[in-house]
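Undergrad: Input data-v1.cif, format and content: mmCIF, C-alpha atoms.
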data_final
#
loop_
_atom_site.label_atom_id
_atom_site.label_comp_id
_atom_site.auth_asym_id
_atom_site.auth_seq_id
_atom_site.Cartn_x
_atom_site.Cartn_y
_atom_site.Cartn_z
CA MET H 246 58.15 -33.70 43.41
CA ILE H 247 57.16 -33.27 39.78
CA THR H 248 57.04 -29.86 38.14
CA THR H 249 55.44 -28.91 34.84
CA SER H 250 54.73 -25.54 33.27
CA ARG H 251 51.44 -25.33 35.16
CA ILE H 252 51.68 -27.45 38.31
CA VAL H 253 53.87 -28.61 41.14
CA PHE H 254 53.03 -32.12 42.30
CA ARG H 255 54.38 -32.85 45.77
CA PRO H 256 53.70 -34.82 48.98
CA VAL H 257 51.12 -33.30 51.28
CA GLN H 258 52.35 -31.36 54.33
CA PRO H 259 50.41 -30.80 57.55
CA ASP H 260 50.11 -27.13 56.55
CA ASP H 261 47.99 -28.29 53.58
CA TYR H 262 45.29 -30.02 55.65
CA LEU H 263 43.14 -26.93 56.04
CA ARG H 264 43.10 -26.42 52.26
CA LEU H 265 42.29 -30.10 51.70
CA TYR H 266 39.47 -29.75 54.20
CA GLU H 267 38.13 -26.73 52.30
CA ILE H 268 38.20 -28.69 49.07
CA GLU H 269 36.33 -31.60 50.62
CA SER H 270 33.85 -29.26 52.33
CA ASP H 271 32.63 -27.70 49.10
CA PRO H 272 28.84 -28.14 49.19
CA SER H 273 28.53 -28.84 45.47
CA THR H 274 30.54 -32.02 45.82
CA ALA H 275 30.56 -32.89 49.52
CA MET H 276 27.85 -35.48 48.93
CA THR H 277 29.80 -37.21 46.22
CA TRP H 278 33.04 -37.84 47.99
CA ARG H 279 33.93 -40.50 50.45
CA TYR H 280 32.31 -38.90 53.48
CA ARG H 281 29.07 -38.41 51.50
CA GLY H 282 28.21 -35.21 53.29
CA ASP H 283 29.34 -36.49 56.65
CA LEU H 284 32.74 -34.80 56.72
CA PRO H 285 34.27 -35.04 60.19
CA PRO H 286 35.02 -31.84 62.11
CA LEU H 287 38.40 -30.30 61.37
CA GLN H 288 39.96 -31.58 64.59
CA GLU H 289 39.15 -35.18 63.54
CA TYR H 290 40.05 -34.68 59.90
CA GLU H 291 43.68 -35.83 59.85
CA PRO H 292 43.08 -39.46 60.96
CA ALA H 293 40.05 -39.67 58.66
CA LEU H 294 42.12 -38.32 55.77
CA TRP H 295 44.83 -40.93 56.24
CA ARG H 296 42.56 -43.90 56.87
CA GLN H 297 43.64 -46.82 54.61
CA THR H 298 45.86 -44.31 52.79
CA GLN H 299 49.47 -44.84 51.76
CA GLN H 300 50.22 -41.37 50.40
CA ILE H 301 48.60 -38.06 49.58
CA MET H 302 50.06 -35.85 46.87
CA VAL H 303 48.88 -32.32 46.32
CA VAL H 304 48.64 -30.43 43.06
CA GLU H 305 49.74 -26.84 43.35
CA GLY H 306 49.05 -24.33 40.59
CA ARG H 307 52.32 -22.64 39.66
CA GLU H 308 50.61 -19.42 38.72
CA SER H 309 48.48 -19.12 41.85
CA GLY H 310 50.80 -20.93 44.26
CA THR H 311 47.74 -22.52 45.86
CA VAL H 312 46.75 -26.14 46.23
CA VAL H 313 44.19 -26.75 43.47
CA GLY H 314 43.53 -30.37 44.30
CA TYR H 315 45.01 -33.58 45.54
CA LEU H 316 45.39 -37.26 44.78
CA GLN H 317 45.30 -40.02 47.30
CA LEU H 318 46.85 -43.47 46.95
CA HIS H 319 44.95 -45.86 49.16
CA ASP H 320 44.21 -49.53 49.78
CA VAL H 321 47.44 -50.64 48.16
CA ASP H 322 47.70 -54.42 48.08
CA LEU H 323 51.28 -55.37 47.37
CA ARG H 324 50.48 -59.08 47.16
CA ALA H 325 47.96 -58.45 44.41
CA GLY H 326 50.01 -55.60 42.94
CA HIS H 327 47.31 -52.96 42.82
CA GLY H 328 46.11 -49.86 44.60
CA TRP H 329 43.30 -47.34 44.46
CA PHE H 330 43.36 -43.63 43.94
CA SER H 331 41.01 -40.77 44.59
CA LEU H 332 41.21 -37.43 42.90
CA TYR H 333 39.93 -34.18 44.34
CA SER H 334 39.74 -30.80 42.69
CA GLY H 335 38.97 -27.45 44.27
CA PRO H 336 35.64 -26.17 42.90
CA GLU H 337 37.18 -23.07 41.34
CA HIS H 338 39.71 -25.17 39.42
CA ARG H 339 37.41 -27.78 37.91
CA GLY H 340 37.67 -27.76 34.16
CA SER H 341 41.11 -26.12 34.24
CA GLY H 342 42.84 -29.44 33.61
CA LEU H 343 45.30 -28.77 36.42
CA VAL H 344 44.27 -31.74 38.54
CA MET H 345 44.09 -34.03 35.52
CA GLU H 346 47.67 -32.95 34.78
CA GLY H 347 48.27 -33.90 38.40
CA LEU H 348 46.86 -37.33 37.57
CA MET H 349 49.56 -37.79 34.92
CA ALA H 350 52.17 -36.84 37.50
CA PHE H 351 50.50 -39.22 39.93
CA CYS H 352 50.70 -42.14 37.49
CA GLU H 353 54.35 -41.36 36.86
CA TRP H 354 55.03 -41.16 40.60
CA ALA H 355 52.92 -44.16 41.66
CA PHE H 356 54.13 -46.59 39.00
CA GLY H 357 57.68 -45.33 39.51
CA ASN H 358 57.68 -45.81 43.29
CA TRP H 359 55.28 -48.64 44.02
CA PRO H 360 55.42 -52.21 42.69
CA ILE H 361 51.85 -52.11 41.47
CA ARG H 362 50.40 -53.30 38.18
CA TRP H 363 47.06 -51.52 38.34
CA LEU H 364 45.62 -48.34 39.75
CA TYR H 365 41.86 -48.34 40.20
CA ALA H 366 39.38 -45.56 40.91
CA HIS H 367 35.67 -45.22 41.47
CA SER H 368 33.93 -42.35 39.76
CA PHE H 369 30.36 -41.26 40.07
CA GLU H 370 28.44 -40.90 36.81
CA HIS H 371 28.44 -37.10 37.02
CA ASN H 372 32.23 -36.97 37.48
CA VAL H 373 33.31 -39.61 34.99
CA HIS H 374 33.65 -37.09 32.15
CA ALA H 375 37.00 -36.16 33.73
CA PHE H 376 38.31 -39.58 32.67
CA GLU H 377 36.70 -39.70 29.23
CA SER H 378 39.69 -38.43 27.24
CA GLY H 379 41.97 -40.94 28.95
CA LEU H 380 39.45 -43.68 28.25
CA ARG H 381 39.25 -42.67 24.58
CA ARG H 382 43.02 -42.57 24.20
CA GLY H 383 43.44 -45.86 26.05
CA GLU H 384 45.58 -44.83 29.02
CA ALA H 385 42.64 -45.75 31.21
CA VAL H 386 40.03 -48.47 30.81
CA ARG H 387 36.52 -48.69 32.11
CA LEU H 388 36.44 -52.00 34.01
CA GLY H 389 32.71 -51.76 34.45
CA VAL H 390 29.80 -49.77 35.77
CA LEU H 391 27.95 -50.53 38.97
CA ARG H 392 24.46 -49.44 38.00
CA GLU H 393 22.47 -47.40 40.51
CA ARG H 394 25.05 -48.27 43.11
CA MET H 395 24.85 -45.20 45.35
CA VAL H 396 22.37 -42.63 46.50
CA VAL H 397 23.76 -39.13 46.02
CA GLY H 398 21.62 -36.16 46.90
CA GLY H 399 18.59 -38.42 47.10
CA ALA H 400 19.03 -39.89 43.62
CA LEU H 401 20.49 -43.20 42.51
CA THR H 402 23.71 -42.88 40.57
CA ASP H 403 26.01 -45.23 38.70
CA VAL H 404 29.58 -45.81 39.85
CA HIS H 405 32.18 -46.34 37.14
CA VAL H 406 35.26 -48.42 37.91
CA ILE H 407 38.29 -47.03 36.11
CA GLY H 408 41.60 -48.86 35.76
CA ILE H 409 45.04 -47.66 34.69
CA GLU H 410 47.45 -50.46 33.90
CA ARG H 411 51.13 -49.93 34.52
CA GLU H 412 52.30 -51.28 31.14
CA HIS H 413 49.76 -49.19 29.23
CA TRP H 414 50.80 -46.07 31.10
CA LEU H 415 54.52 -46.69 30.58
CA ALA H 416 54.01 -47.20 26.83
CA SER H 417 51.52 -44.40 26.27
CA PRO H 418 52.23 -41.45 23.95
CA LEU H 419 50.63 -39.23 26.59
CA ARG H 420 53.30 -40.22 29.09
CA ARG H 421 56.03 -39.47 26.55
CA ARG H 422 54.57 -36.02 25.88
CA PHE H 423 54.12 -35.38 29.59
CA ASN H 424 57.72 -36.24 30.36
CA THR H 425 59.04 -34.24 27.41
CA LEU H 426 57.24 -31.13 28.62
CA ARG H 427 58.14 -31.85 32.21
CA ALA H 428 61.84 -32.09 31.36
CA ARG H 429 61.81 -28.40 30.40
CA PHE H 430 60.95 -27.42 33.95
CA THR H 431 63.17 -29.64 36.02
CA MET Y 299 50.63 -67.92 61.70
CA ALA Y 300 47.29 -69.17 60.46
CA ASP Y 301 46.49 -68.52 56.82
CA VAL Y 302 43.22 -67.74 55.13
CA ASP Y 303 42.19 -69.26 51.81
CA PRO Y 304 43.10 -66.50 49.30
CA ARG Y 305 39.77 -67.03 47.55
CA TRP Y 306 38.09 -65.67 50.69
CA TRP Y 307 39.28 -62.27 49.58
CA ARG Y 308 37.39 -60.12 52.05
CA PHE Y 309 39.12 -61.93 54.88
CA SER Y 310 42.37 -63.00 53.29
CA ARG Y 311 43.51 -59.72 51.76
CA ASP Y 312 44.67 -58.28 55.08
CA GLY Y 313 45.57 -61.58 56.68
CA LEU Y 314 44.56 -62.05 60.28
CA GLU Y 315 45.82 -58.73 61.54
CA PRO Y 316 43.35 -58.06 64.39
CA SER Y 317 42.41 -54.44 63.62
CA HIS Y 318 41.70 -55.26 59.97
CA LEU Y 319 39.78 -58.36 60.98
CA LEU Y 320 37.60 -56.35 63.36
CA GLU Y 321 36.96 -53.72 60.72
CA THR Y 322 36.04 -56.40 58.19
CA ALA Y 323 33.73 -58.08 60.67
CA SER Y 324 32.03 -54.76 61.41
CA GLY Y 325 30.87 -54.65 57.77
CA VAL Y 326 28.95 -57.91 58.11
CA ALA Y 327 25.22 -57.46 58.75
CA ALA Y 328 24.15 -61.11 59.00
CA GLY Y 329 25.53 -64.57 58.50
CA VAL Y 330 24.56 -68.21 58.34
CA ILE Y 331 26.52 -71.42 58.50
CA VAL Y 332 25.73 -74.53 56.51
CA PHE Y 333 26.30 -77.79 58.41
CA ASP Y 334 26.58 -81.25 56.96
CA GLU Y 335 24.77 -84.31 58.25
CA GLY Y 336 27.49 -84.80 60.85
CA GLN Y 337 26.86 -81.27 62.17
CA GLN Y 338 30.19 -80.09 60.85
CA PRO Y 339 30.28 -76.56 59.38
CA VAL Y 340 31.03 -76.81 55.65
CA ALA Y 341 30.01 -73.42 54.26
CA CYS Y 342 29.07 -69.97 55.40
CA ALA Y 343 27.28 -67.01 53.89
CA MET Y 344 27.42 -63.41 55.01
CA LEU Y 345 25.62 -60.27 54.02
CA ALA Y 346 28.16 -57.48 54.00
CA ASP Y 347 28.25 -53.76 53.17
CA ALA Y 348 24.48 -53.45 53.49
CA GLY Y 349 23.79 -49.74 53.41
CA ALA Y 350 21.36 -46.93 52.89
CA SER Y 351 21.67 -47.28 49.12
CA GLY Y 352 19.80 -50.61 49.24
CA THR Y 353 22.76 -52.68 48.13
CA ALA Y 354 24.70 -55.45 49.83
CA THR Y 355 27.33 -58.03 49.01
CA LEU Y 356 26.81 -61.73 49.51
CA GLU Y 357 29.94 -63.49 50.66
CA PHE Y 358 29.56 -67.23 50.22
CA PHE Y 359 32.38 -69.62 51.05
CA SER Y 360 32.65 -73.35 51.43
CA LEU Y 361 35.32 -75.78 52.38
CA PRO Y 362 37.34 -76.75 49.31
CA ASP Y 363 35.85 -80.18 48.76
CA PRO Y 364 33.13 -81.32 46.37
CA ALA Y 365 30.75 -82.52 49.07
CA ALA Y 366 30.85 -79.17 50.88
CA GLN Y 367 30.41 -77.30 47.60
CA ALA Y 368 27.43 -79.44 46.62
CA LEU Y 369 25.82 -78.76 49.97
CA ALA Y 370 26.45 -75.03 49.54
CA ARG Y 371 24.79 -75.12 46.10
CA ARG Y 372 21.80 -76.94 47.55
CA TYR Y 373 21.21 -74.18 50.10
CA ALA Y 374 22.04 -71.24 47.82
CA PRO Y 375 18.36 -70.52 46.95
CA ASP Y 376 17.41 -70.40 50.63
CA LEU Y 377 20.29 -68.03 51.33
CA LEU Y 378 19.22 -65.66 48.59
CA VAL Y 379 15.61 -65.74 49.79
CA ALA Y 380 16.80 -64.94 53.30
CA ALA Y 381 18.96 -62.09 52.03
CA PHE Y 382 16.21 -60.41 50.02
CA ASP Y 383 13.49 -61.08 52.61
CA GLY Y 384 15.62 -60.07 55.56
CA ALA Y 385 16.90 -56.75 54.32
CA ALA Y 386 15.73 -53.97 52.03
CA ILE Y 387 18.06 -54.85 49.16
CA ARG Y 388 17.62 -53.55 45.62
CA ARG Y 389 20.83 -54.99 44.28
CA LEU Y 390 22.78 -57.89 45.70
CA TYR Y 391 26.41 -58.26 44.62
CA VAL Y 392 28.58 -61.33 44.47
CA GLU Y 393 32.31 -60.98 43.92
CA ARG Y 394 34.33 -63.94 42.75
CA PHE Y 395 37.59 -65.00 41.19
CA SER Y 396 37.48 -66.69 37.80
CA GLY Y 397 38.66 -69.95 39.34
CA ASP Y 398 36.31 -69.98 42.32
CA PRO Y 399 34.16 -73.07 42.70
CA ASP Y 400 30.53 -72.70 41.70
CA LEU Y 401 28.48 -72.36 44.87
CA LEU Y 402 25.37 -70.81 43.35
CA GLY Y 403 24.46 -73.51 40.83
CA ASP Y 404 21.71 -72.46 38.39
CA LEU Y 405 21.20 -69.25 40.34
CA ALA Y 406 24.50 -67.95 39.01
CA ASP Y 407 22.73 -67.31 35.69
CA LEU Y 408 20.54 -64.72 37.39
CA PHE Y 409 23.55 -62.57 38.19
CA GLU Y 410 24.86 -60.08 35.64
CA ILE Y 411 28.55 -59.17 35.63
CA GLU Y 412 29.03 -55.43 35.98
CA VAL Y 413 32.77 -55.14 36.66
CA ARG Y 414 35.73 -57.29 35.66
CA TYR Y 415 39.21 -56.73 37.05
CA PRO Y 416 41.62 -58.56 34.75
CA ASP Y 417 44.45 -60.47 36.45
CA PHE Y 418 43.36 -59.14 39.80
CA THR Y 419 45.65 -61.20 41.98
CA GLN Y 420 47.62 -64.41 42.03
CA ILE Y 421 46.05 -67.53 43.45
CA ASP Y 422 48.03 -70.73 43.52
CA GLY Y 423 50.72 -69.13 41.41
CA HIS Y 424 48.64 -67.69 38.57
CA TYR Y 425 46.61 -64.56 38.01
CA GLU Y 426 42.85 -64.73 38.08
CA ASP Y 427 40.24 -62.17 37.08
CA ARG Y 428 37.80 -60.93 39.68
CA THR Y 429 34.25 -59.98 38.83
CA ILE Y 430 31.44 -58.15 40.54
CA ALA Y 431 28.04 -59.50 39.49
CA VAL Y 432 24.66 -58.21 40.54
CA LEU Y 433 21.25 -59.72 41.12
CA THR Y 434 18.41 -57.22 41.28
CA ALA Y 435 15.45 -57.69 43.59
CA GLU Y 436 13.15 -57.60 40.54
CA ARG Y 437 15.02 -60.33 38.73
CA PHE Y 438 15.07 -62.50 41.82
CA GLN Y 439 11.35 -61.92 42.36
CA GLU Y 440 10.65 -63.05 38.78
CA TRP Y 441 12.65 -66.20 39.45
CA ARG Y 442 10.71 -66.89 42.65
CA GLU Y 443 7.40 -66.37 40.88
CA GLY Y 444 8.53 -68.75 38.17
CA LEU Y 445 9.08 -71.42 40.81
CA ARG Y 446 5.53 -71.02 42.07
CA ARG Y 447 3.92 -71.46 38.63
#
Show me the file's structure as structure tokens.
TA:
Amino acid sequence: MITTSRIVFRPVQPDDYLRLYEIESDPSTAMTWRYRGDLPPLQEYEPALWRQTQQIMVVEGRESGTVVGYLQLHDVDLRAGHGWFSLYSGPEHRGSGLVMEGLMAFCEWAFGNWPIRWLYAHSFEHNVHAFESGLRRGEAVRLGVLRERMVVGGALTDVHVIGIEREHWLASPLRRRFNTLRARFT
Amino acid sequence: MADVDPRWWRFSRDGLEPSHLLETASGVAAGVIVFDEGQQPVACAMLADAGASGTATLEFFSLPDPAAQALARRYAPDLLVAAFDGAAIRRLYVERFSGDPDLLGDLADLFEIEVRYPDFTQIDGHYEDRTIAVLTAERFQEWREGLRR
């Protein structure tokens, strides 16, 4: 568990599944996430949620005490030393920065607990702005863009491939600031 | 236990664990095998991940010997024609490691690299990049029309 002034970052519990399902069911983004509008019924959700997944960590807002989003570590390949992550934010918390703070906690947790060199993520064009500050600062790199890769809501959209390298994360000023602030709450 | 050539990433990454193998196989829409003059299989091509978005990935492997690779290169144009004619594909992807043998010959120049994963995994004791390159239906059509002129 990682605690900051604004969030608690912790492993998912079965009690959280309903909230995760609500987040994934949001109509404004249901088409963009991995089920692409074809979210399984709640009774089939748990196995679908954990498919190819090593761990799910939720981000809880300290003020609200509710789960504001979650991060999923999936498709880890220990031979290659990399894994993928997905990031989900509740619609009412987008733009608050809470889940992106959760991403910092996730990097700290993932690189601290898994022998992986790279974390990768796919991001649709209309979501990639969430990564832009990290890309500008250099904690994340854009490994490329798959042009017109997917159809979302009837329109073709680009898919950006984002990478976070272990050594860059460990040496980043952002990580130092994050851990300094975090130390005040642990 | 049998091993899979690590360059055949789609099939080697999870080893031969049956459930993974079945899942991987379920993503393959079509496949062809290239035989040599002695009717021995020397290369195979598969169209994978073909979906509603009009994209697919060409997996193209050969045995690791120059004769098999040359035969694969010779048939590469036919394989691409079959892929684009046989399915509604807008964009055809090829993924490869930086040290993979060239199986596409001159056709490789038609593909444009869109993603590069640096030091993606170790093969034969050293890290290699992995790239995703794309060939659009339009670009391939232009190439075919150029052949007819």
Undergrad: So which residues get picked by the PyMOL selection byres ((chain H and resi 396) around 12) here, written as a list of chain:residue names?
TA: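 So the PyMOL selection byres ((chain H and resi 396) around 12), applied here, picks out H:Met276, H:Thr277, H:Trp278, H:Arg281, H:Gly282, H:Phe369, H:Glu370, H:Arg392, H:Glu393, H:Arg394, H:Met395, H:Val397, H:Gly398, H:Gly399, H:Ala400, H:Leu401, H:Thr402, H:Asp403, H:Val404, Y:Gly349, Y:Ala350, Y:Ser351, Y:Gly352, Y:Thr353, Y:Arg388.
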Undergrad: Need to verify the contact set: Phe358 in chain Y, 9 Å, all atoms listed in the file, exclusion of same-chain residues closer than 6 positions in sequence. Can you return it as a list in words?
TA: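 Here the answer would be Trp306, Ala341, Cys342, Ala343, Met344, Leu345, Ala370, Ala374, Val392, Leu401 and Leu402 of chain Y.
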Undergrad: Near chain Y, which residues of chain H fall within 6 Å when you count only C-alpha atoms, and what do they look like as an MDAnalysis selection string?
TA: chainID H and resid 325 388:391 395:396
Undergrad: Give the answer as one residue: which of H:Ser270, H:Gln317, H:Ser309, H:Ser368 has the shortest atom-to-atom distance to Pro336 in chain H, using only C-alpha atoms?
TA: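 Selected residue with least distance to Pro336 in chain H: H:Ser270.
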Undergrad: Which is closer to Gly340 in chain H than all the others in H:Val313, H:Leu287, H:Ile361, H:Leu318, using all atoms listed in the file?
TA: H:Val313
Undergrad: Give me the residues near Gly310 in chain H as a CSV table (one decimal) with C-alpha atoms, in the frame of the given file, where near means some atom within 12 Å (using only C-alpha atoms) and where sequence neighbours in that chain fewer than 5 positions away do not count.
TA:
chain,number,residue,atom,x,y,z
H,251,ARG,CA,51.4,-25.3,35.2
H,252,ILE,CA,51.7,-27.4,38.3
H,253,VAL,CA,53.9,-28.6,41.1
H,254,PHE,CA,53.0,-32.1,42.3
H,303,VAL,CA,48.9,-32.3,46.3
H,304,VAL,CA,48.6,-30.4,43.1
H,305,GLU,CA,49.7,-26.8,43.4
Undergrad: List every protein, DNA or RNA residue that has at least one atom no more than 7 Å from (50.8, -47.9, 42.9) in the file's coordinates, counting all atoms listed in the file, and write the result as a ChimeraX atom specification.
TA: /H:321,327-328,355-356,359-361,363-364
Undergrad: Between CA of Tyr315 in chain H and CA of His374 in chain H, what distance in Å does the model show, to one decimal?
TA: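 Separation of CA of Tyr315 in chain H and CA of His374 in chain H: 17.9 Å.
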Undergrad: Find the residues near Ser417 in chain H: any atom within 12 Å, counting only C-alpha atoms, skip ones fewer than 5 places away on the same chain, and give them as a PDB file with C-alpha atoms, in the frame of the given file.
TA:
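Done, and the output landed in around.pdb:
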ATOM      1  CA  MET H 349      49.560 -37.790  34.920  1.00  0.00           C
ATOM      2  CA  CYS H 352      50.700 -42.140  37.490  1.00  0.00           C
ATOM      3  CA  GLU H 353      54.350 -41.360  36.860  1.00  0.00           C
ATOM      4  CA  GLY H 379      41.970 -40.940  28.950  1.00  0.00           C
ATOM      5  CA  ARG H 382      43.020 -42.570  24.200  1.00  0.00           C
ATOM      6  CA  GLY H 383      43.440 -45.860  26.050  1.00  0.00           C
ATOM      7  CA  GLU H 384      45.580 -44.830  29.020  1.00  0.00           C
ATOM      8  CA  ALA H 385      42.640 -45.750  31.210  1.00  0.00           C
ATOM      9  CA  ILE H 409      45.040 -47.660  34.690  1.00  0.00           C
ATOM     10  CA  GLU H 410      47.450 -50.460  33.900  1.00  0.00           C
ATOM     11  CA  ARG H 411      51.130 -49.930  34.520  1.00  0.00           C
ATOM     12  CA  GLU H 412      52.300 -51.280  31.140  1.00  0.00           C
ATOM     13  CA  ARG H 422      54.570 -36.020  25.880  1.00  0.00           C
ATOM     14  CA  PHE H 423      54.120 -35.380  29.590  1.00  0.00           C
ATOM     15  CA  ASN H 424      57.720 -36.240  30.360  1.00  0.00           C
TER      16      ASN H 424
END
Undergrad: Expressed in Å to a single decimal, how great is the separation between CA of Ala385 in chain Y and CA of Phe309 in chain Y?
TA: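 Spanning CA of Ala385 in chain Y to CA of Phe309 in chain Y is a straight-line distance of 22.8 Å.
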